[in-house]
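*Asks:* This is the content of query06.json (JSON, C-alpha atoms):
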```json
[["chain", "number", "residue", "atom", "x", "y", "z"],
["A", 1, "GLN", "CA", 0.60, 4.85, 13.66],
["A", 2, "VAL", "CA", 2.45, 2.49, 11.38],
["A", 3, "GLN", "CA", 6.08, 1.55, 11.90],
["A", 4, "LEU", "CA", 8.16, 0.50, 8.91],
["A", 5, "VAL", "CA", 11.54, -1.20, 8.86],
["A", 6, "GLU", "CA", 13.39, -1.69, 5.58],
["A", 7, "SER", "CA", 16.10, -4.23, 4.85],
["A", 8, "GLY", "CA", 17.86, -5.79, 1.90],
["A", 9, "GLY", "CA", 19.93, -2.93, 0.56],
["A", 10, "GLY", "CA", 23.56, -3.30, -0.36],
["A", 11, "LEU", "CA", 26.20, -3.11, -3.04],
["A", 12, "VAL", "CA", 25.64, -4.90, -6.33],
["A", 13, "GLN", "CA", 27.18, -4.80, -9.77],
["A", 14, "ALA", "CA", 25.29, -3.45, -12.73],
["A", 15, "GLY", "CA", 22.97, -6.09, -14.13],
["A", 16, "GLY", "CA", 22.52, -7.71, -10.74],
["A", 17, "SER", "CA", 19.47, -8.05, -8.51],
["A", 18, "LEU", "CA", 18.39, -7.11, -5.00],
["A", 19, "ARG", "CA", 15.20, -7.58, -3.06],
["A", 20, "LEU", "CA", 14.18, -4.97, -0.55],
["A", 21, "SER", "CA", 11.83, -5.80, 2.29],
["A", 22, "CYS", "CA", 9.67, -3.51, 4.39],
["A", 23, "ALA", "CA", 8.11, -4.94, 7.53],
["A", 24, "ALA", "CA", 5.10, -3.06, 8.84],
["A", 25, "SER", "CA", 3.77, -3.06, 12.38],
["A", 26, "GLY", "CA", 1.26, -1.08, 14.38],
["A", 27, "SER", "CA", -2.01, -0.03, 12.76],
["A", 28, "ILE", "CA", -1.45, -2.12, 9.64],
["A", 29, "PHE", "CA", -5.19, -2.61, 9.14],
["A", 30, "SER", "CA", -5.41, 1.06, 8.25],
["A", 31, "ILE", "CA", -2.92, 0.93, 5.38],
["A", 32, "ASN", "CA", -4.34, 1.80, 1.95],
["A", 33, "THR", "CA", -1.20, 2.07, -0.12],
["A", 34, "MET", "CA", 2.36, 0.93, 0.33],
["A", 35, "ALA", "CA", 5.13, 2.30, -1.80],
["A", 36, "TRP", "CA", 8.84, 2.53, -2.34],
["A", 37, "TYR", "CA", 10.57, 5.85, -2.91],
["A", 38, "ARG", "CA", 14.20, 6.62, -3.52],
["A", 39, "GLN", "CA", 16.46, 9.59, -3.12],
["A", 40, "ALA", "CA", 19.80, 9.92, -4.85],
["A", 41, "PRO", "CA", 22.43, 12.45, -3.69],
["A", 42, "GLY", "CA", 21.48, 15.94, -4.74],
["A", 43, "LYS", "CA", 18.10, 14.85, -6.09],
["A", 44, "GLN", "CA", 14.54, 14.97, -4.84],
["A", 45, "ARG", "CA", 12.87, 11.91, -3.42],
["A", 46, "GLU", "CA", 10.90, 10.14, -6.14],
["A", 47, "LEU", "CA", 8.23, 7.47, -6.23],
["A", 48, "VAL", "CA", 9.56, 4.16, -7.52],
["A", 49, "ALA", "CA", 6.59, 1.83, -7.13],
["A", 50, "ALA", "CA", 3.28, 1.71, -5.31],
["A", 51, "LEU", "CA", 0.77, -1.00, -4.44],
["A", 52, "THR", "CA", -2.78, -0.30, -3.32],
["A", 53, "SER", "CA", -4.86, -2.47, -1.03],
["A", 54, "GLY", "CA", -6.87, -3.41, -4.10],
["A", 55, "GLY", "CA", -3.80, -4.77, -5.83],
["A", 56, "SER", "CA", -3.16, -1.98, -8.32],
["A", 57, "THR", "CA", 0.47, -1.17, -9.02],
["A", 58, "THR", "CA", 2.26, 1.89, -10.29],
["A", 59, "TYR", "CA", 5.87, 2.19, -11.42],
["A", 60, "THR", "CA", 7.97, 5.08, -12.47],
["A", 61, "ASP", "CA", 8.96, 4.76, -16.12],
["A", 62, "SER", "CA", 12.64, 4.18, -15.46],
["A", 63, "VAL", "CA", 12.01, 0.94, -13.54],
["A", 64, "LYS", "CA", 9.15, -0.58, -15.54],
["A", 65, "GLY", "CA", 9.96, -4.11, -16.58],
["A", 66, "ARG", "CA", 12.83, -4.32, -14.09],
["A", 67, "PHE", "CA", 11.28, -3.78, -10.64],
["A", 68, "THR", "CA", 8.31, -5.54, -9.08],
["A", 69, "ILE", "CA", 6.45, -4.51, -5.95],
["A", 70, "SER", "CA", 4.56, -7.14, -3.99],
["A", 71, "ARG", "CA", 3.05, -7.70, -0.58],
["A", 72, "ASP", "CA", 2.84, -10.65, 1.77],
["A", 73, "HIS", "CA", -0.19, -9.98, 3.96],
["A", 74, "ALA", "CA", 0.59, -12.85, 6.31],
["A", 75, "LYS", "CA", 4.01, -11.35, 7.07],
["A", 76, "ASN", "CA", 2.87, -7.71, 6.90],
["A", 77, "THR", "CA", 5.73, -7.13, 4.53],
["A", 78, "VAL", "CA", 6.07, -5.39, 1.18],
["A", 79, "TYR", "CA", 8.89, -6.23, -1.19],
["A", 80, "LEU", "CA", 10.65, -4.54, -4.05],
["A", 81, "GLN", "CA", 12.35, -7.00, -6.38],
["A", 82, "MET", "CA", 14.93, -5.12, -8.42],
["A", 83, "ASN", "CA", 16.46, -6.80, -11.47],
["A", 84, "SER", "CA", 18.83, -5.57, -14.16],
["A", 85, "LEU", "CA", 20.07, -2.89, -11.83],
["A", 86, "LYS", "CA", 21.81, 0.15, -13.27],
["A", 87, "PRO", "CA", 24.21, 2.64, -11.66],
["A", 88, "GLU", "CA", 21.46, 5.27, -11.88],
["A", 89, "ASP", "CA", 19.37, 3.15, -9.49],
["A", 90, "THR", "CA", 21.84, 4.03, -6.74],
["A", 91, "ALA", "CA", 19.95, 5.78, -3.96],
["A", 92, "VAL", "CA", 18.54, 5.47, -0.49],
["A", 93, "TYR", "CA", 15.27, 3.56, -0.80],
["A", 94, "TYR", "CA", 12.43, 4.37, 1.57],
["A", 95, "CYS", "CA", 9.30, 2.43, 2.36],
["A", 96, "ASN", "CA", 6.10, 4.42, 2.70],
["A", 97, "ALA", "CA", 2.64, 3.53, 3.95],
["A", 98, "ILE", "CA", -0.44, 5.72, 3.57],
["A", 99, "THR", "CA", -3.35, 5.04, 5.86],
["A", 100, "SER", "CA", -7.07, 5.43, 5.37],
["A", 101, "ARG", "CA", -6.82, 8.79, 7.14],
["A", 102, "ALA", "CA", -4.14, 9.90, 4.66],
["A", 103, "PHE", "CA", -1.33, 9.73, 7.21],
["A", 104, "SER", "CA", 2.01, 9.07, 5.58],
["A", 105, "ASN", "CA", 4.50, 6.88, 7.41],
["A", 106, "TRP", "CA", 8.14, 6.41, 6.46],
["A", 107, "GLY", "CA", 10.84, 3.89, 7.17],
["A", 108, "GLN", "CA", 14.42, 4.83, 7.93],
["A", 109, "GLY", "CA", 15.71, 3.98, 4.46],
["A", 110, "THR", "CA", 18.14, 1.44, 3.08],
["A", 111, "GLN", "CA", 21.09, 2.20, 0.82],
["A", 112, "VAL", "CA", 21.31, 0.60, -2.62],
["A", 113, "THR", "CA", 24.56, 1.08, -4.51],
["A", 114, "VAL", "CA", 25.02, -0.21, -8.05],
["A", 115, "SER", "CA", 28.55, -0.25, -9.37],
["A", 116, "SER", "CA", 29.36, -0.04, -13.06]]
```
Will you turn the file into structure tokens for me?
*Replies:*
Amino acid sequence: QVQLVESGGGLVQAGGSLRLSCAASGSIFSINTMAWYRQAPGKQRELVAALTSGGSTTYTDSVKGRFTISRDHAKNTVYLQMNSLKPEDTAVYYCNAITSRAFSNWGQGTQVTVSS
């Protein structure tokens, strides 16, 4: 089992920046991929960015060039640096970890609100 705790959400004006953090604990050695998802009101949860254990990254088109996912192995933490934020980025952001046995673990979510 992997436990995930997100932090760093908040209210920011359009054009501003936030950095989300996701601290992992438990069976962290088994993690293959860590990712950030988001869910806006009335919409399905969508993948924002993912980072594999090999260092490969994936971003959804709407955040390319603005968001960066990274990982600090020493701190067992994954980050999502979000720049040039837009009102449409408003959502609850969830951290996700997929293990070598394909178990998916979720954090509790952190709210990001971007005002226009």
*Asks:* Just checking: using only C-alpha atoms, which residue out of A:Gly16, A:Gly55, A:Gly65, A:Gly42 ends up closest to A:Val114?
*Replies:*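 Looking only at the distances to A:Val114, the closest residue turns out to be A:Gly16.
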*Asks:* Please identify all polymer residues lying at most 12 Å from the point (-2.6, -0.5, 8.6) (file coordinates), using all atoms listed in the file, and present the result as an mmCIF file with C-alpha atoms, keeping the file's coordinate frame.
*Replies:*
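Okay, this is what ended up in selection-v3.cif:
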```cif
data_model
loop_
_atom_site.group_PDB
_atom_site.id
_atom_site.type_symbol
_atom_site.label_atom_id
_atom_site.label_comp_id
_atom_site.auth_asym_id
_atom_site.auth_seq_id
_atom_site.Cartn_x
_atom_site.Cartn_y
_atom_site.Cartn_z
ATOM 1 C CA GLN A 1 0.600 4.850 13.660
ATOM 2 C CA VAL A 2 2.450 2.490 11.380
ATOM 3 C CA GLN A 3 6.080 1.550 11.900
ATOM 4 C CA LEU A 4 8.160 0.500 8.910
ATOM 5 C CA ALA A 23 8.110 -4.940 7.530
ATOM 6 C CA ALA A 24 5.100 -3.060 8.840
ATOM 7 C CA SER A 25 3.770 -3.060 12.380
ATOM 8 C CA GLY A 26 1.260 -1.080 14.380
ATOM 9 C CA SER A 27 -2.010 -0.030 12.760
ATOM 10 C CA ILE A 28 -1.450 -2.120 9.640
ATOM 11 C CA PHE A 29 -5.190 -2.610 9.140
ATOM 12 C CA SER A 30 -5.410 1.060 8.250
ATOM 13 C CA ILE A 31 -2.920 0.930 5.380
ATOM 14 C CA ASN A 32 -4.340 1.800 1.950
ATOM 15 C CA THR A 33 -1.200 2.070 -0.120
ATOM 16 C CA MET A 34 2.360 0.930 0.330
ATOM 17 C CA THR A 52 -2.780 -0.300 -3.320
ATOM 18 C CA SER A 53 -4.860 -2.470 -1.030
ATOM 19 C CA HIS A 73 -0.190 -9.980 3.960
ATOM 20 C CA ASN A 76 2.870 -7.710 6.900
ATOM 21 C CA THR A 77 5.730 -7.130 4.530
ATOM 22 C CA ASN A 96 6.100 4.420 2.700
ATOM 23 C CA ALA A 97 2.640 3.530 3.950
ATOM 24 C CA ILE A 98 -0.440 5.720 3.570
ATOM 25 C CA THR A 99 -3.350 5.040 5.860
ATOM 26 C CA SER A 100 -7.070 5.430 5.370
ATOM 27 C CA ARG A 101 -6.820 8.790 7.140
ATOM 28 C CA ALA A 102 -4.140 9.900 4.660
ATOM 29 C CA PHE A 103 -1.330 9.730 7.210
ATOM 30 C CA SER A 104 2.010 9.070 5.580
ATOM 31 C CA ASN A 105 4.500 6.880 7.410
#
```
*Asks:* I'd like the neighbourhood of A:Ser17 as an MDAnalysis selection string, where a residue qualifies if any of its atoms comes within 7 Å (using all atoms listed in the file), though same-chain residues fewer than 6 positions away should be ignored.
*Replies:* chainID A and resid 82:85
*Asks:* Need to verify the contact set: stretch 59-64 of chain A, 10 Å, all atoms listed in the file, exclusion of same-chain residues closer than 2 positions in sequence. Can you return it as a PyMOL selection string?
*Replies:* chain A and resi 35-37+46-51+57+66-69+82-86+88-89
*Asks:* Name all residues at most 8 Å from A:Tyr94 (count all atoms listed in the file; drop same-chain ones fewer than 3 positions away) and give them as number ranges by chain.
*Replies:* A: 6, 36-38, 106-110
*Asks:* With 5 Å on each side, where is the centre of the axis-aligned box around all listed atoms of stretch 63-68 of chain A, and how long are its edges in Å to one decimal, as AutoDock Vina command-line options?
*Replies:*
```
--center_x 10.6 --center_y -2.3 --center_z -12.8 --size_x 14.5 --size_y 16.5 --size_z 17.5
```
*Asks:* Find, counting all atoms listed in the file, the residue in A:Ser7, A:Thr58, A:Gln39, A:Gln13 that gets nearest to A:Pro87.
*Replies:*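 Smallest distance to A:Pro87 is found for A:Gln13.
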*Asks:* Which residue gives the smallest distance to A:Ser115 among A:Cys95, A:Val5, A:Leu11, A:Ala40, with only C-alpha atoms counted?
*Replies:*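 So, comparing all the options, the nearest one is A:Leu11.
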